[in-house]
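Q: Dropping in final-v9.csv, with CSV, C-alpha atoms.
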```
chain,number,residue,atom,x,y,z
A,16,MET,CA,-2.0,15.3,-12.9
A,17,ARG,CA,-2.6,11.8,-11.5
A,18,LEU,CA,-6.3,11.6,-12.2
A,19,ASN,CA,-6.6,13.7,-15.3
A,20,GLU,CA,-9.7,12.9,-17.4
A,21,LYS,CA,-11.0,10.6,-14.7
A,22,ALA,CA,-14.5,10.8,-13.2
A,23,ALA,CA,-15.0,9.9,-9.5
A,24,ILE,CA,-17.8,9.5,-7.0
A,25,ILE,CA,-17.1,10.1,-3.3
A,26,THR,CA,-19.9,9.3,-0.9
A,27,GLY,CA,-20.0,11.2,2.3
A,28,GLY,CA,-18.2,13.9,0.2
A,29,GLY,CA,-19.6,16.9,2.0
A,30,ARG,CA,-17.5,16.8,5.1
A,31,GLY,CA,-14.4,15.4,6.8
A,32,ILE,CA,-12.4,12.7,5.0
A,33,GLY,CA,-14.9,12.8,2.1
A,34,ARG,CA,-14.5,16.5,1.6
A,35,ALA,CA,-10.7,16.3,1.7
A,36,THR,CA,-10.8,13.5,-0.9
A,37,CYS,CA,-13.1,15.4,-3.2
A,38,ILE,CA,-10.8,18.4,-3.1
A,39,ARG,CA,-7.7,16.4,-3.6
A,40,PHE,CA,-9.1,14.4,-6.5
A,41,ALA,CA,-10.2,17.6,-8.2
A,42,GLN,CA,-6.8,19.1,-7.7
A,43,GLU,CA,-5.4,16.0,-9.5
A,44,GLY,CA,-7.6,16.5,-12.5
A,45,ALA,CA,-10.7,14.4,-11.7
A,46,ALA,CA,-14.3,15.4,-12.3
A,47,VAL,CA,-16.0,14.8,-9.0
A,48,VAL,CA,-19.5,13.8,-7.9
A,49,VAL,CA,-19.8,15.1,-4.3
A,50,ALA,CA,-22.4,12.6,-3.0
A,51,ASP,CA,-23.9,13.2,0.5
A,52,VAL,CA,-27.1,12.8,2.4
A,53,ASP,CA,-26.7,16.4,3.5
A,54,GLU,CA,-27.5,18.7,0.5
A,55,GLU,CA,-25.9,21.8,2.0
A,56,SER,CA,-22.5,20.2,2.7
A,57,ALA,CA,-22.4,18.6,-0.7
A,58,LYS,CA,-23.1,21.9,-2.4
A,59,THR,CA,-20.5,23.7,-0.3
A,60,THR,CA,-17.8,21.2,-1.2
A,61,ALA,CA,-18.7,21.2,-4.9
A,62,GLY,CA,-18.7,25.0,-4.8
A,63,GLU,CA,-15.2,25.1,-3.3
A,64,ILE,CA,-13.9,22.9,-6.1
A,65,GLU,CA,-15.5,24.9,-8.8
A,66,ASP,CA,-14.2,28.2,-7.3
A,67,GLU,CA,-10.7,26.7,-7.8
A,68,GLY,CA,-11.4,25.8,-11.4
A,69,GLY,CA,-12.3,22.2,-10.9
A,70,LYS,CA,-15.2,20.1,-12.0
A,71,ALA,CA,-17.8,19.0,-9.4
A,72,ARG,CA,-21.4,18.1,-9.2
A,73,PRO,CA,-23.2,17.8,-5.8
A,74,VAL,CA,-25.7,14.9,-5.5
A,75,ILE,CA,-28.0,14.0,-2.6
A,76,VAL,CA,-27.8,10.3,-1.9
A,77,ASP,CA,-29.1,7.8,0.6
A,78,VAL,CA,-26.7,4.9,0.3
A,79,THR,CA,-29.1,2.5,1.9
A,80,ASP,CA,-31.7,3.1,-0.9
A,81,LYS,CA,-31.0,1.3,-4.2
A,82,ALA,CA,-33.0,3.9,-6.3
A,83,SER,CA,-31.0,6.7,-4.7
A,84,VAL,CA,-27.7,5.0,-5.4
A,85,LYS,CA,-28.7,4.4,-9.0
A,86,ASN,CA,-29.6,8.1,-9.4
A,87,MET,CA,-26.1,9.0,-8.1
A,88,ILE,CA,-24.4,6.7,-10.7
A,89,ASP,CA,-26.7,8.0,-13.5
A,90,THR,CA,-25.9,11.6,-12.5
A,91,CYS,CA,-22.2,10.9,-12.8
A,92,LEU,CA,-22.6,9.3,-16.2
A,93,ASN,CA,-24.9,12.0,-17.5
A,94,GLU,CA,-22.7,14.8,-16.3
A,95,PHE,CA,-19.2,13.4,-17.0
A,96,GLY,CA,-19.9,10.5,-19.4
A,97,LYS,CA,-18.1,7.9,-17.4
A,98,LEU,CA,-17.2,6.5,-14.0
A,99,ASN,CA,-13.6,5.6,-13.2
A,100,ILE,CA,-13.3,5.8,-9.4
A,101,LEU,CA,-15.8,5.0,-6.6
A,102,VAL,CA,-14.9,5.9,-3.1
A,103,ASN,CA,-17.3,4.5,-0.5
A,104,ASN,CA,-16.7,6.9,2.4
A,105,ALA,CA,-20.2,7.5,3.8
A,106,GLY,CA,-20.6,6.1,7.3
A,107,ILE,CA,-22.2,6.7,10.7
A,108,ASN,CA,-22.0,5.6,14.3
A,109,ARG,CA,-24.5,5.1,17.0
A,110,ASP,CA,-22.3,4.1,20.0
A,111,THR,CA,-23.6,2.3,23.0
A,112,ILE,CA,-22.6,-0.9,24.9
A,113,ALA,CA,-24.0,-4.1,23.5
A,114,ALA,CA,-26.1,-5.0,26.5
A,115,ILE,CA,-28.4,-2.0,26.0
A,116,MET,CA,-28.0,-1.4,22.3
A,117,ARG,CA,-31.4,-1.0,20.6
A,118,GLU,CA,-32.2,-3.0,17.4
A,119,ASP,CA,-32.7,0.2,15.4
A,120,GLN,CA,-29.2,1.4,16.4
A,121,TRP,CA,-27.7,-1.8,15.1
A,122,ASP,CA,-29.8,-1.8,11.9
A,123,LEU,CA,-29.1,1.8,11.0
A,124,VAL,CA,-25.3,1.5,11.3
A,125,MET,CA,-25.2,-1.8,9.4
A,126,ASN,CA,-27.4,-0.5,6.7
A,127,VAL,CA,-25.4,2.7,6.1
A,128,ASN,CA,-21.9,1.3,6.6
A,129,LEU,CA,-22.1,-2.2,5.1
A,130,LYS,CA,-25.2,-2.4,3.0
A,131,GLY,CA,-24.6,1.1,1.6
A,132,THR,CA,-21.1,0.1,0.6
A,133,PHE,CA,-22.4,-3.0,-1.1
A,134,LEU,CA,-25.2,-1.2,-3.0
A,135,CYS,CA,-22.8,1.4,-4.3
A,136,CYS,CA,-20.3,-1.3,-5.5
A,137,GLN,CA,-23.0,-3.2,-7.2
A,138,ALA,CA,-24.5,-0.2,-8.9
A,139,GLY,CA,-21.0,1.0,-10.0
A,140,LEU,CA,-19.9,-2.3,-11.5
A,141,LYS,CA,-21.0,-1.8,-15.1
A,142,PRO,CA,-19.6,1.8,-15.6
A,143,LEU,CA,-16.4,0.9,-13.8
A,144,ARG,CA,-16.0,-2.2,-16.0
A,145,ASP,CA,-16.7,-0.1,-19.1
A,146,SER,CA,-13.9,2.3,-18.0
A,147,GLY,CA,-11.3,-0.5,-18.6
A,148,SER,CA,-9.5,0.1,-15.3
A,149,GLY,CA,-12.0,0.9,-12.5
A,150,ARG,CA,-11.1,1.6,-8.9
A,151,ILE,CA,-13.2,1.0,-5.8
A,152,ILE,CA,-12.0,2.2,-2.5
A,153,ASN,CA,-14.0,1.2,0.6
A,154,THR,CA,-13.8,2.6,4.1
A,155,SER,CA,-13.3,0.4,7.2
A,156,SER,CA,-11.9,1.6,10.5
A,157,ILE,CA,-9.5,0.8,13.3
A,158,ALA,CA,-12.7,-0.1,15.1
A,159,ALA,CA,-13.0,-3.3,13.0
A,160,LEU,CA,-10.4,-4.8,15.3
A,161,GLY,CA,-12.8,-4.3,18.2
A,162,ASN,CA,-13.8,-1.4,20.4
A,163,ILE,CA,-15.9,-1.1,23.6
A,164,GLY,CA,-19.3,0.5,22.9
A,165,GLN,CA,-19.1,0.0,19.1
A,166,SER,CA,-20.3,-3.5,18.5
A,167,ASN,CA,-22.5,-2.3,15.6
A,168,TYR,CA,-19.9,0.0,14.1
A,169,ALA,CA,-17.1,-2.6,14.5
A,170,ALA,CA,-19.1,-5.3,13.0
A,171,SER,CA,-20.1,-3.1,10.0
A,172,LYS,CA,-16.5,-2.1,9.4
A,173,GLY,CA,-15.2,-5.6,9.8
A,174,GLY,CA,-17.8,-6.6,7.2
A,175,VAL,CA,-16.5,-3.9,4.8
A,176,ILE,CA,-13.0,-5.6,4.9
A,177,SER,CA,-14.5,-9.0,4.1
A,178,LEU,CA,-16.7,-7.5,1.4
A,179,THR,CA,-13.6,-5.7,-0.1
A,180,LYS,CA,-11.7,-9.0,-0.3
A,181,THR,CA,-14.6,-10.8,-1.9
A,182,LEU,CA,-15.3,-8.1,-4.5
A,183,ALA,CA,-11.6,-7.9,-5.3
A,184,LEU,CA,-11.8,-11.5,-6.4
A,185,GLU,CA,-15.1,-11.2,-8.2
A,186,PHE,CA,-14.3,-7.9,-10.0
A,187,ALA,CA,-10.7,-8.8,-11.1
A,188,ASN,CA,-12.0,-10.2,-14.4
A,189,TYR,CA,-13.4,-6.7,-15.2
A,190,LYS,CA,-10.0,-5.1,-14.5
A,191,ILE,CA,-11.5,-3.3,-11.4
A,192,THR,CA,-9.3,-3.1,-8.3
A,193,VAL,CA,-11.1,-3.1,-4.9
A,194,ASN,CA,-9.2,-1.9,-1.9
A,195,CYS,CA,-10.0,-0.6,1.6
A,196,VAL,CA,-8.7,2.1,4.0
A,197,ALA,CA,-9.1,1.8,7.7
A,198,PRO,CA,-8.5,5.1,9.4
A,199,GLY,CA,-7.8,5.6,13.1
A,200,ALA,CA,-8.8,8.7,15.0
A,201,THR,CA,-9.1,11.5,12.4
A,202,MET,CA,-10.0,15.1,13.1
A,203,THR,CA,-13.4,15.0,11.4
A,204,PRO,CA,-16.6,16.7,12.6
A,205,MET,CA,-17.8,13.4,14.0
A,206,PHE,CA,-14.6,12.8,16.0
A,207,GLU,CA,-14.4,16.4,17.2
A,208,LYS,CA,-17.6,15.7,19.3
A,209,VAL,CA,-15.6,13.3,21.5
A,210,PRO,CA,-14.9,14.8,24.9
A,211,ASP,CA,-11.4,16.2,25.3
A,212,ASN,CA,-10.5,13.9,28.2
A,213,LEU,CA,-11.3,10.9,26.1
A,214,LYS,CA,-9.3,12.3,23.2
A,215,ASP,CA,-6.3,12.8,25.5
A,216,LYS,CA,-6.5,9.1,26.7
A,217,TYR,CA,-6.8,7.9,23.1
A,218,ARG,CA,-3.9,10.0,21.9
A,219,GLU,CA,-1.6,8.4,24.5
A,220,ARG,CA,-2.2,5.0,22.9
A,221,ILE,CA,-1.1,6.1,19.5
A,222,PRO,CA,2.6,5.5,18.8
A,223,LEU,CA,2.8,8.8,16.8
A,224,LYS,CA,1.0,10.6,19.6
A,225,ARG,CA,-1.4,12.6,17.4
A,226,PHE,CA,-4.6,12.3,15.4
A,227,ALA,CA,-4.8,12.1,11.6
A,228,ASP,CA,-5.7,15.0,9.4
A,229,PRO,CA,-8.4,14.2,6.8
A,230,GLY,CA,-6.0,15.2,4.1
A,231,GLU,CA,-3.7,12.3,5.2
A,232,ILE,CA,-6.5,9.8,4.5
A,233,ALA,CA,-7.3,11.5,1.2
A,234,SER,CA,-3.6,11.0,0.1
A,235,VAL,CA,-4.0,7.3,0.5
A,236,HIS,CA,-7.3,7.4,-1.4
A,237,LEU,CA,-5.4,9.3,-4.2
A,238,PHE,CA,-2.7,6.6,-4.4
A,239,LEU,CA,-5.2,3.7,-4.6
A,240,ALA,CA,-7.2,5.6,-7.3
A,241,SER,CA,-4.1,6.3,-9.4
A,242,ASP,CA,-2.3,4.2,-12.0
A,243,GLU,CA,0.5,3.7,-9.4
A,244,ALA,CA,-1.7,1.3,-7.6
A,245,SER,CA,-2.8,-0.7,-10.6
A,246,TYR,CA,-1.5,-4.1,-9.2
A,247,ILE,CA,-2.9,-3.7,-5.7
A,248,THR,CA,-6.3,-5.2,-5.0
A,249,GLY,CA,-8.1,-6.8,-2.0
A,250,GLN,CA,-6.0,-4.9,0.5
A,251,THR,CA,-6.8,-3.0,3.6
A,252,ILE,CA,-4.5,-0.2,4.7
A,253,PHE,CA,-4.6,0.9,8.3
A,254,ILE,CA,-4.0,4.7,8.6
A,255,ASP,CA,-3.8,4.9,12.3
A,256,GLY,CA,-0.5,6.3,13.5
A,257,GLY,CA,0.6,2.8,14.4
A,258,ILE,CA,-2.0,1.9,17.0
A,259,SER,CA,-3.0,-1.3,15.1
A,260,VAL,CA,0.5,-2.7,15.3
A,261,GLY,CA,0.2,-3.0,19.1
A,262,LEU,CA,-3.1,-4.7,18.8
```
So, in terms of structure tokens, how does the structure I just supplied come out?
A:
Amino acid sequence: MRLNEKAAIITGGGRGIGRATCIRFAQEGAAVVVADVDEESAKTTAGEIEDEGGKARPVIVDVTDKASVKNMIDTCLNEFGKLNILVNNAGINRDTIAAIMREDQWDLVMNVNLKGTFLCCQAGLKPLRDSGSGRIINTSSIAALGNIGQSNYAASKGGVISLTKTLALEFANYKITVNCVAPGATMTPMFEKVPDNLKDKYRERIPLKRFADPGEIASVHLFLASDEASYITGQTIFIDGGISVGL
């Protein structure tokens, strides 16, 4: 198994891409901390993993709060004795056009998506360094290239790409790789709320003419977390059915 004897934290692990990644990592031998702001979804995902014979621990986390993030890291270390992989997947959107966007809508999205990623990376540095070959995988989005009605979300996800590149340089001395995935439209609970007519229009713009399944994003997470990706750092992989090629 590709992650045998590894310990991983996945934020936003209760649902969508995070849930798929937790399950995939556990299937590949990792002990998983399912970290989510929603206690019920974290417990449900962890329970599914344990029912299949895997190791999982649900943890409630607010990635915008330094103390909460520290508790998440400490829980992983206390439960599994180490941290090898950190997947920063937690994210939110509060879409509206820039002309009428409220300050609290801007601040909340930036705090969760960008500040939250930074706090988790900062808190995870020491145990990842101690592991001898740590992996950080951050989450951007196709929206980082620009999208109407998402100035806050796009800015936060563009910031994650820049943060990833900088941390890849800073953390290289500790033998930690830092990479980023940028999904396109993926059939998560958040995307499923989009009206069908808008989904149809968006699908037509995608060269592969379909949306991603969360498991397809989890497969890239798995590759970047594995020994096969040991010489890859500072990169952003767009997983978008080819739509970014046209942009």
Q: With only C-alpha atoms as the basis for distance, which of A:Met205, A:Cys136, A:Glu55, A:Ala183 is at the shortest distance from A:Gly106?
A: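 For A:Gly106, the nearest of the candidates is A:Met205.
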Q: Please list as a list in words every residue within 10 Å of A:Trp121, counting all atoms listed in the file and excluding residues in the same chain fewer than 6 positions away.
A: Asn108, Arg109, Asp110, Thr111, Ala113, Gln165, Ser166, Asn167, Tyr168, Ala170 and Ser171 of chain A
Q: Between A:Gln42, A:Asn104, A:Asn86, A:Asn153, which is the closest to A:Gly27 once you count all atoms listed in the file?
A: A:Asn104
Q: Would you pick out the contacts of A:Cys91 at 10 Å or less, using all atoms listed in the file, so that residues sharing its chain but fewer than 2 positions from it are not included, and give the list as a PyMOL selection string?
A: chain A and resi 22-24+46-50+71-74+85-89+93-98+142
Q: Residues as selected, C-alpha atoms, written as a PDB file, keeping the file's coordinate frame, can you do that?
A:
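As written to disk, selection01.pdb reads:
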```pdb
ATOM      1  CA  ALA A  22     -14.500  10.800 -13.200  1.00  0.00           C
ATOM      2  CA  ALA A  23     -15.000   9.900  -9.500  1.00  0.00           C
ATOM      3  CA  ILE A  24     -17.800   9.500  -7.000  1.00  0.00           C
ATOM      4  CA  ALA A  46     -14.300  15.400 -12.300  1.00  0.00           C
ATOM      5  CA  VAL A  47     -16.000  14.800  -9.000  1.00  0.00           C
ATOM      6  CA  VAL A  48     -19.500  13.800  -7.900  1.00  0.00           C
ATOM      7  CA  VAL A  49     -19.800  15.100  -4.300  1.00  0.00           C
ATOM      8  CA  ALA A  50     -22.400  12.600  -3.000  1.00  0.00           C
ATOM      9  CA  ALA A  71     -17.800  19.000  -9.400  1.00  0.00           C
ATOM     10  CA  ARG A  72     -21.400  18.100  -9.200  1.00  0.00           C
ATOM     11  CA  PRO A  73     -23.200  17.800  -5.800  1.00  0.00           C
ATOM     12  CA  VAL A  74     -25.700  14.900  -5.500  1.00  0.00           C
ATOM     13  CA  LYS A  85     -28.700   4.400  -9.000  1.00  0.00           C
ATOM     14  CA  ASN A  86     -29.600   8.100  -9.400  1.00  0.00           C
ATOM     15  CA  MET A  87     -26.100   9.000  -8.100  1.00  0.00           C
ATOM     16  CA  ILE A  88     -24.400   6.700 -10.700  1.00  0.00           C
ATOM     17  CA  ASP A  89     -26.700   8.000 -13.500  1.00  0.00           C
ATOM     18  CA  ASN A  93     -24.900  12.000 -17.500  1.00  0.00           C
ATOM     19  CA  GLU A  94     -22.700  14.800 -16.300  1.00  0.00           C
ATOM     20  CA  PHE A  95     -19.200  13.400 -17.000  1.00  0.00           C
ATOM     21  CA  GLY A  96     -19.900  10.500 -19.400  1.00  0.00           C
ATOM     22  CA  LYS A  97     -18.100   7.900 -17.400  1.00  0.00           C
ATOM     23  CA  LEU A  98     -17.200   6.500 -14.000  1.00  0.00           C
ATOM     24  CA  PRO A 142     -19.600   1.800 -15.600  1.00  0.00           C
TER      25      PRO A 142
END
```
Q: Using all atoms listed in the file, can you list as number ranges by chain the residues within 12 Å of (-30.0, 13.2, 5.8)?
A: A: 27, 29, 50-57, 75-79, 105-107, 127
Q: Between A:Ala61, A:Leu143, A:Met16, A:Val260, which one has atoms that come closest to A:Lys190, using only C-alpha atoms?
A: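 Between A:Ala61, A:Leu143, A:Met16, A:Val260, the residue approaching A:Lys190 most closely is A:Leu143.
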Q: Which one is closest to A:Asn99: A:Thr36, A:Thr201, A:Thr248, A:Ser241? Count only C-alpha atoms.
A: A:Ser241
Q: What does the distance between atom CA of A:Arg34 and atom CA of A:Ile176 come to in Å, to one decimal place?
A: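 If I compute the distance from atom CA of A:Arg34 to atom CA of A:Ile176, I get 22.4 Å.
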Q: Suppose you want the space between atom CA of A:Glu231 and atom CA of A:Arg144; what is it in Å?
A: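 Interatomic distance here is 28.5 Å.
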Q: Closest to A:Arg225 among A:Gly174, A:Gly31, A:Pro204, A:Gly199, using all atoms listed in the file?
A: A:Gly199
Q: Go ahead and compute the interatomic distance for atom CA of A:Gly139 and atom CA of A:Asn19, in Å to one decimal.
A: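 Interatomic distance here is 19.9 Å.
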Q: Of the residues A:Asn194, A:Ala138, A:Tyr246, A:Val102, which is the one nearest to A:Gly33, using only C-alpha atoms?
A: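 Answer, going by the shortest atom-to-atom distance: A:Val102.
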Q: Could you check which residues have any atom within 9 Å of (-16.0, 0.7, 0.2), counting only C-alpha atoms with coordinates taken straight from the file, and then list them as an MDAnalysis selection string?
A: chainID A and resid 101:105 128:129 131:133 135:136 151:155 175:176 178:179 193:196
Q: Assuming the input is short of atoms at stretch 53-73 of chain A, produce N, CA and C atoms for that part as a short mmCIF file (atom, residue, chain, number, x, y, z; two decimals), in the coordinates of the input.
A:
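Here's the written file selection_22.cif:
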```cif
data_model
loop_
_atom_site.label_atom_id
_atom_site.label_comp_id
_atom_site.auth_asym_id
_atom_site.auth_seq_id
_atom_site.Cartn_x
_atom_site.Cartn_y
_atom_site.Cartn_z
N ASP A 53 -26.50 15.02 3.07
CA ASP A 53 -26.70 16.40 3.50
C ASP A 53 -26.48 17.32 2.25
N GLU A 54 -27.56 17.90 1.74
CA GLU A 54 -27.50 18.70 0.50
C GLU A 54 -26.56 19.91 0.67
N GLU A 55 -26.67 20.60 1.79
CA GLU A 55 -25.90 21.80 2.00
C GLU A 55 -24.39 21.56 1.96
N SER A 56 -23.96 20.52 2.67
CA SER A 56 -22.50 20.20 2.70
C SER A 56 -22.01 19.79 1.34
N ALA A 57 -22.82 19.02 0.60
CA ALA A 57 -22.40 18.60 -0.70
C ALA A 57 -22.25 19.80 -1.67
N LYS A 58 -23.20 20.73 -1.60
CA LYS A 58 -23.10 21.90 -2.40
C LYS A 58 -21.94 22.80 -2.06
N THR A 59 -21.65 22.89 -0.78
CA THR A 59 -20.50 23.70 -0.30
C THR A 59 -19.20 23.17 -0.83
N THR A 60 -19.01 21.86 -0.69
CA THR A 60 -17.80 21.20 -1.20
C THR A 60 -17.63 21.36 -2.67
N ALA A 61 -18.71 21.08 -3.39
CA ALA A 61 -18.70 21.20 -4.90
C ALA A 61 -18.37 22.65 -5.26
N GLY A 62 -18.95 23.61 -4.54
CA GLY A 62 -18.70 25.00 -4.80
C GLY A 62 -17.25 25.41 -4.62
N GLU A 63 -16.63 24.87 -3.57
CA GLU A 63 -15.20 25.10 -3.30
C GLU A 63 -14.35 24.64 -4.48
N ILE A 64 -14.68 23.46 -4.97
CA ILE A 64 -13.90 22.90 -6.10
C ILE A 64 -14.08 23.73 -7.34
N GLU A 65 -15.30 24.11 -7.63
CA GLU A 65 -15.50 24.90 -8.80
C GLU A 65 -14.91 26.29 -8.74
N ASP A 66 -14.88 26.85 -7.54
CA ASP A 66 -14.20 28.20 -7.30
C ASP A 66 -12.75 28.11 -7.65
N GLU A 67 -12.16 26.92 -7.50
CA GLU A 67 -10.70 26.70 -7.80
C GLU A 67 -10.49 26.25 -9.21
N GLY A 68 -11.54 26.23 -10.02
CA GLY A 68 -11.40 25.80 -11.40
C GLY A 68 -11.61 24.37 -11.70
N GLY A 69 -12.03 23.60 -10.69
CA GLY A 69 -12.30 22.20 -10.90
C GLY A 69 -13.67 21.86 -11.34
N LYS A 70 -13.91 20.58 -11.63
CA LYS A 70 -15.20 20.10 -12.00
C LYS A 70 -15.85 19.33 -10.91
N ALA A 71 -17.07 19.71 -10.51
CA ALA A 71 -17.80 19.00 -9.40
C ALA A 71 -19.26 19.13 -9.58
N ARG A 72 -19.94 18.11 -9.12
CA ARG A 72 -21.40 18.10 -9.20
C ARG A 72 -21.92 17.53 -7.84
N PRO A 73 -22.68 18.32 -7.06
CA PRO A 73 -23.20 17.80 -5.80
C PRO A 73 -24.44 16.90 -6.10
#
```
